[in-house]
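Down below is the structure, laid out as structure tokens.
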Amino acid sequence: MLPGTAQRVVSPASRLVKRSISVQSLLHGSPEAKKAGELDILQHSRIVGRGKYIHGFERHNVKADKTEEYKKAAEVYYTGLKDDTDLHVKLTGNWEVAIGEQDTFVHILEYENYGGFDKTSQLLKKSEHVQAYQAMLPYLNSRSSQLNQEFAFFPTAPPHAQGGLFELRSYQLKPGTLLEWENTWRRGIEARRKFVAPVGAWFSQVGRLHEVHHMWQYPNLEARKETREQAWQIDGWAETVSKTAQLATSMDSFILTPLAFSPLK
């Protein structure tokens, strides 16, 4: 030890406190999000989620010259699931991407939480629906799935036939910023509700993580443009967009057209 200096002793407990603070900062993102939530990341779904249902997102990228054959096979499979009451699964909607990832189809299924998903999955393995699913496979280039939970303030719309097009917007968030994103977006979303009713909003729990989605329906692209311009005139919307954009690492907007058998159209 050098003369005239005192050695600073750091106890294991103080290291633990410092580490805990550091981890909390990482989990919750900014200090504002931590103050708003002050909850562990494992509790995020309890805070922001509705908790009643789990929505399975299934994406199929189809061979460009086999889209019509795929649509017929998909109708057999997904309507079969919808009509089989023993499965306890609901069909939310089925769409084809019109602008975005071409030759891609999006299917959303609603399960009675994770217990319902487990039961449905086991029943499917022993059912005649396996053959219908396998009939789609020759037309696919790739497929992916994701389990999402609804945001508590944004329950999924029931089946309806209003016509027009749908927009699915997806945001890849920085890990640990879900609470901040939800708090900011929930406060500002009323500006959008004044002009268009939301279809649904979800955040991922299994599959690609730290991802949020929200869906809207418009008569056409011109109506979409006008609706979005009107929202920008409402106080608070610009701030909402600015803050949520800072929490995302990437964003996607897909224009979807509903398939003939889709409950939402």
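Chain lettering (A, B, ...) mirrors the order of the structure tokens, residue numbering begins at 1 for each chain separately, and ligand numbering begins at 1 in order of display.
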Legend entry - strand (DSSP E) residues, from DSSP on the backbone, in segment 132-213 of chain A, as a PyMOL selection string: chain A and resi 140-151+165-173+198-206+211-213
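In terms of minimum interatomic distance to Lys225 of chain A, A:Phe195 ranks closest within A:Val97, A:Glu211, A:Phe195, A:Thr249, counting only C-alpha atoms.
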Inset, instruction - Please provide as a PyMOL selection string all residues within 12 Å of Pro159 of chain A, with the sequence filter that same-chain residues fewer than 4 positions apart are discarded (counting only C-alpha atoms). - result: chain A and resi 90-94+163+199-200+258+261-265
Could you write out the selected residues, including C-alpha atoms, as an mmCIF file, in the first residue's frame?
```
data_model
loop_
_atom_site.group_PDB
_atom_site.id
_atom_site.type_symbol
_atom_site.label_atom_id
_atom_site.label_comp_id
_atom_site.auth_asym_id
_atom_site.auth_seq_id
_atom_site.Cartn_x
_atom_site.Cartn_y
_atom_site.Cartn_z
ATOM 1 C CA LYS A 90 -60.575 -19.848 -32.928
ATOM 2 C CA LEU A 91 -59.512 -18.536 -36.294
ATOM 3 C CA THR A 92 -58.843 -14.797 -36.054
ATOM 4 C CA GLY A 93 -57.906 -14.142 -39.672
ATOM 5 C CA ASN A 94 -56.033 -15.163 -42.803
ATOM 6 C CA GLY A 163 -64.082 -4.870 -46.743
ATOM 7 C CA VAL A 199 -58.051 -4.555 -35.198
ATOM 8 C CA GLY A 200 -55.563 -5.718 -32.580
ATOM 9 C CA PRO A 258 -57.953 -11.071 -46.499
ATOM 10 C CA PHE A 261 -62.363 -17.762 -45.762
ATOM 11 C CA SER A 262 -60.894 -15.258 -43.272
ATOM 12 C CA PRO A 263 -63.238 -14.393 -40.351
ATOM 13 C CA LEU A 264 -61.805 -10.853 -40.461
ATOM 14 C CA LYS A 265 -62.285 -9.288 -43.859
#
```
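By chain and then residue number, the residues within 10 Å of Ile189 of chain A are Phe153, Phe154, Thr184, Trp185, Arg186, Arg187, Ala191, Arg192, Arg193, Lys194, Pro198, Ala231, Gly236, Trp237, Thr240 and Val241 of chain A, counting only C-alpha atoms and disregarding those fewer than 2 positions away in sequence.
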Selection export as a PDB file, in the first residue's frame, atoms kept: N, CA and C atoms:
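For reference, out_12.pdb as written:
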```pdb
ATOM      1  N   PHE A 153     -54.932  -2.997 -23.349  1.00  0.00           N
ATOM      2  CA  PHE A 153     -55.797  -1.895 -23.778  1.00  0.00           C
ATOM      3  C   PHE A 153     -56.252  -2.052 -25.227  1.00  0.00           C
ATOM      4  N   PHE A 154     -55.949  -3.183 -25.851  1.00  0.00           N
ATOM      5  CA  PHE A 154     -56.168  -3.322 -27.281  1.00  0.00           C
ATOM      6  C   PHE A 154     -56.670  -4.720 -27.630  1.00  0.00           C
ATOM      7  N   THR A 184     -45.846   4.562 -23.497  1.00  0.00           N
ATOM      8  CA  THR A 184     -45.864   5.687 -24.436  1.00  0.00           C
ATOM      9  C   THR A 184     -46.964   5.517 -25.463  1.00  0.00           C
ATOM     10  N   TRP A 185     -47.050   4.323 -26.021  1.00  0.00           N
ATOM     11  CA  TRP A 185     -48.014   4.084 -27.096  1.00  0.00           C
ATOM     12  C   TRP A 185     -49.446   4.129 -26.591  1.00  0.00           C
ATOM     13  N   ARG A 186     -49.678   3.602 -25.388  1.00  0.00           N
ATOM     14  CA  ARG A 186     -51.031   3.607 -24.827  1.00  0.00           C
ATOM     15  C   ARG A 186     -51.534   5.022 -24.613  1.00  0.00           C
ATOM     16  N   ARG A 187     -50.637   5.918 -24.181  1.00  0.00           N
ATOM     17  CA  ARG A 187     -51.060   7.307 -23.944  1.00  0.00           C
ATOM     18  C   ARG A 187     -51.385   8.030 -25.252  1.00  0.00           C
ATOM     19  N   ALA A 191     -55.218   9.225 -30.284  1.00  0.00           N
ATOM     20  CA  ALA A 191     -55.233  10.071 -31.481  1.00  0.00           C
ATOM     21  C   ALA A 191     -55.615   9.264 -32.707  1.00  0.00           C
ATOM     22  N   ARG A 192     -55.201   8.007 -32.757  1.00  0.00           N
ATOM     23  CA  ARG A 192     -55.553   7.146 -33.880  1.00  0.00           C
ATOM     24  C   ARG A 192     -56.981   6.634 -33.768  1.00  0.00           C
ATOM     25  N   ARG A 193     -57.396   6.331 -32.539  1.00  0.00           N
ATOM     26  CA  ARG A 193     -58.741   5.791 -32.328  1.00  0.00           C
ATOM     27  C   ARG A 193     -59.834   6.757 -32.778  1.00  0.00           C
ATOM     28  N   LYS A 194     -59.525   8.033 -32.817  1.00  0.00           N
ATOM     29  CA  LYS A 194     -60.524   9.020 -33.217  1.00  0.00           C
ATOM     30  C   LYS A 194     -60.936   8.849 -34.671  1.00  0.00           C
ATOM     31  N   PRO A 198     -59.014   0.087 -34.174  1.00  0.00           N
ATOM     32  CA  PRO A 198     -57.923  -0.885 -34.283  1.00  0.00           C
ATOM     33  C   PRO A 198     -58.452  -2.305 -34.409  1.00  0.00           C
ATOM     34  N   ALA A 231     -54.351  11.999 -37.828  1.00  0.00           N
ATOM     35  CA  ALA A 231     -53.792  11.683 -36.508  1.00  0.00           C
ATOM     36  C   ALA A 231     -52.637  12.614 -36.167  1.00  0.00           C
ATOM     37  N   GLY A 236     -49.969  15.248 -29.161  1.00  0.00           N
ATOM     38  CA  GLY A 236     -49.452  14.060 -28.505  1.00  0.00           C
ATOM     39  C   GLY A 236     -49.052  12.937 -29.432  1.00  0.00           C
ATOM     40  N   TRP A 237     -49.637  12.902 -30.647  1.00  0.00           N
ATOM     41  CA  TRP A 237     -49.321  11.793 -31.548  1.00  0.00           C
ATOM     42  C   TRP A 237     -47.889  11.876 -32.074  1.00  0.00           C
ATOM     43  N   THR A 240     -45.640  10.618 -29.470  1.00  0.00           N
ATOM     44  CA  THR A 240     -45.740   9.165 -29.350  1.00  0.00           C
ATOM     45  C   THR A 240     -44.898   8.472 -30.406  1.00  0.00           C
ATOM     46  N   VAL A 241     -45.015   8.920 -31.635  1.00  0.00           N
ATOM     47  CA  VAL A 241     -44.263   8.322 -32.736  1.00  0.00           C
ATOM     48  C   VAL A 241     -42.772   8.483 -32.510  1.00  0.00           C
TER      49      VAL A 241
END
```
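Residue nearest His210 of chain A within the list A:Phe151, A:Tyr133, A:Tyr78, A:Tyr171: A:Tyr171 [criterion: smallest interatomic distance, only C-alpha atoms].
Those residues that approach segment 141-144 of chain A to within 8 Å, counting only C-alpha atoms, are Glu58, Arg59, His60, Asn61, Val62 and Lys63 of chain A; same-chain residues fewer than 4 positions away are not listed.
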Can you spit out the residues from that selection as an mmCIF file, in the first residue's frame, using N, CA, C and O atoms?
```cif
data_model
loop_
_atom_site.group_PDB
_atom_site.id
_atom_site.type_symbol
_atom_site.label_atom_id
_atom_site.label_comp_id
_atom_site.auth_asym_id
_atom_site.auth_seq_id
_atom_site.Cartn_x
_atom_site.Cartn_y
_atom_site.Cartn_z
ATOM 1 N N GLU A 58 -48.787 -17.459 -37.756
ATOM 2 C CA GLU A 58 -48.148 -18.414 -38.652
ATOM 3 C C GLU A 58 -47.907 -17.728 -39.988
ATOM 4 O O GLU A 58 -48.843 -17.221 -40.609
ATOM 5 N N ARG A 59 -46.645 -17.704 -40.403
ATOM 6 C CA ARG A 59 -46.264 -17.070 -41.667
ATOM 7 C C ARG A 59 -45.755 -18.129 -42.625
ATOM 8 O O ARG A 59 -44.877 -18.919 -42.282
ATOM 9 N N HIS A 60 -46.310 -18.128 -43.816
ATOM 10 C CA HIS A 60 -45.911 -19.078 -44.847
ATOM 11 C C HIS A 60 -45.431 -18.317 -46.075
ATOM 12 O O HIS A 60 -46.164 -17.478 -46.611
ATOM 13 N N ASN A 61 -44.207 -18.568 -46.467
ATOM 14 C CA ASN A 61 -43.706 -18.029 -47.728
ATOM 15 C C ASN A 61 -43.894 -19.103 -48.790
ATOM 16 O O ASN A 61 -43.356 -20.210 -48.672
ATOM 17 N N VAL A 62 -44.659 -18.782 -49.812
ATOM 18 C CA VAL A 62 -45.122 -19.763 -50.786
ATOM 19 C C VAL A 62 -44.360 -19.627 -52.101
ATOM 20 O O VAL A 62 -43.948 -18.523 -52.483
ATOM 21 N N LYS A 63 -44.180 -20.740 -52.785
ATOM 22 C CA LYS A 63 -43.559 -20.716 -54.104
ATOM 23 C C LYS A 63 -44.393 -19.838 -55.031
ATOM 24 O O LYS A 63 -45.628 -19.955 -55.079
#
```
Shell of 12 Å around segment 115-132 of chain A, only C-alpha atoms, local chain residues under 6 positions omitted, as a PDB file with C-alpha atoms, in the first residue's frame:
```pdb
ATOM      1  CA  GLY A  51     -53.688 -12.495 -20.285  1.00  0.00           C
ATOM      2  CA  LYS A  52     -56.849 -14.237 -21.471  1.00  0.00           C
ATOM      3  CA  TYR A  53     -55.721 -15.499 -24.863  1.00  0.00           C
ATOM      4  CA  ILE A  54     -52.607 -16.452 -26.770  1.00  0.00           C
ATOM      5  CA  HIS A  55     -52.469 -15.652 -30.471  1.00  0.00           C
ATOM      6  CA  GLY A  56     -50.423 -17.827 -32.758  1.00  0.00           C
ATOM      7  CA  TYR A  70     -51.671 -23.093 -51.670  1.00  0.00           C
ATOM      8  CA  LYS A  72     -57.029 -23.974 -51.698  1.00  0.00           C
ATOM      9  CA  ALA A  73     -55.010 -26.202 -49.377  1.00  0.00           C
ATOM     10  CA  ALA A  74     -54.874 -23.491 -46.692  1.00  0.00           C
ATOM     11  CA  GLU A  75     -58.643 -23.054 -46.806  1.00  0.00           C
ATOM     12  CA  VAL A  76     -59.175 -26.761 -46.194  1.00  0.00           C
ATOM     13  CA  TYR A  77     -56.773 -26.773 -43.246  1.00  0.00           C
ATOM     14  CA  TYR A  78     -57.741 -23.565 -41.468  1.00  0.00           C
ATOM     15  CA  THR A  79     -61.500 -23.857 -41.937  1.00  0.00           C
ATOM     16  CA  GLY A  80     -61.174 -27.419 -40.674  1.00  0.00           C
ATOM     17  CA  LEU A  81     -59.595 -26.110 -37.481  1.00  0.00           C
ATOM     18  CA  LYS A  82     -62.245 -23.429 -37.091  1.00  0.00           C
ATOM     19  CA  ASP A  83     -65.122 -25.873 -37.494  1.00  0.00           C
ATOM     20  CA  ASP A  84     -63.706 -28.520 -35.150  1.00  0.00           C
ATOM     21  CA  THR A  85     -65.158 -27.499 -31.782  1.00  0.00           C
ATOM     22  CA  ASP A  86     -63.170 -30.195 -29.953  1.00  0.00           C
ATOM     23  CA  LEU A  87     -59.944 -28.281 -30.631  1.00  0.00           C
ATOM     24  CA  HIS A  88     -61.025 -25.152 -28.701  1.00  0.00           C
ATOM     25  CA  VAL A  89     -59.183 -22.863 -31.099  1.00  0.00           C
ATOM     26  CA  LYS A  90     -60.575 -19.848 -32.928  1.00  0.00           C
ATOM     27  CA  LEU A 109     -55.146 -18.357 -34.414  1.00  0.00           C
ATOM     28  CA  PRO A 138     -45.226 -28.912 -51.013  1.00  0.00           C
ATOM     29  CA  LEU A 147     -46.903 -16.897 -29.908  1.00  0.00           C
ATOM     30  CA  ASN A 148     -48.159 -13.449 -28.941  1.00  0.00           C
TER      31      ASN A 148
END
```
Legend entry - Atom pair atom CA of Pro175 of chain A / atom CA of Met215 of chain A: separation (Å): 22.1 Å
Legend entry - Point-to-point distance in Å for atom CA of Gln102 of chain A and atom CA of Phe203 of chain A: 23.7 Å
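With distances restricted to only C-alpha atoms, A:Glu167 is the closest residue to Leu221 of chain A from A:Glu69, A:Glu180, A:Gln205, A:Glu167.
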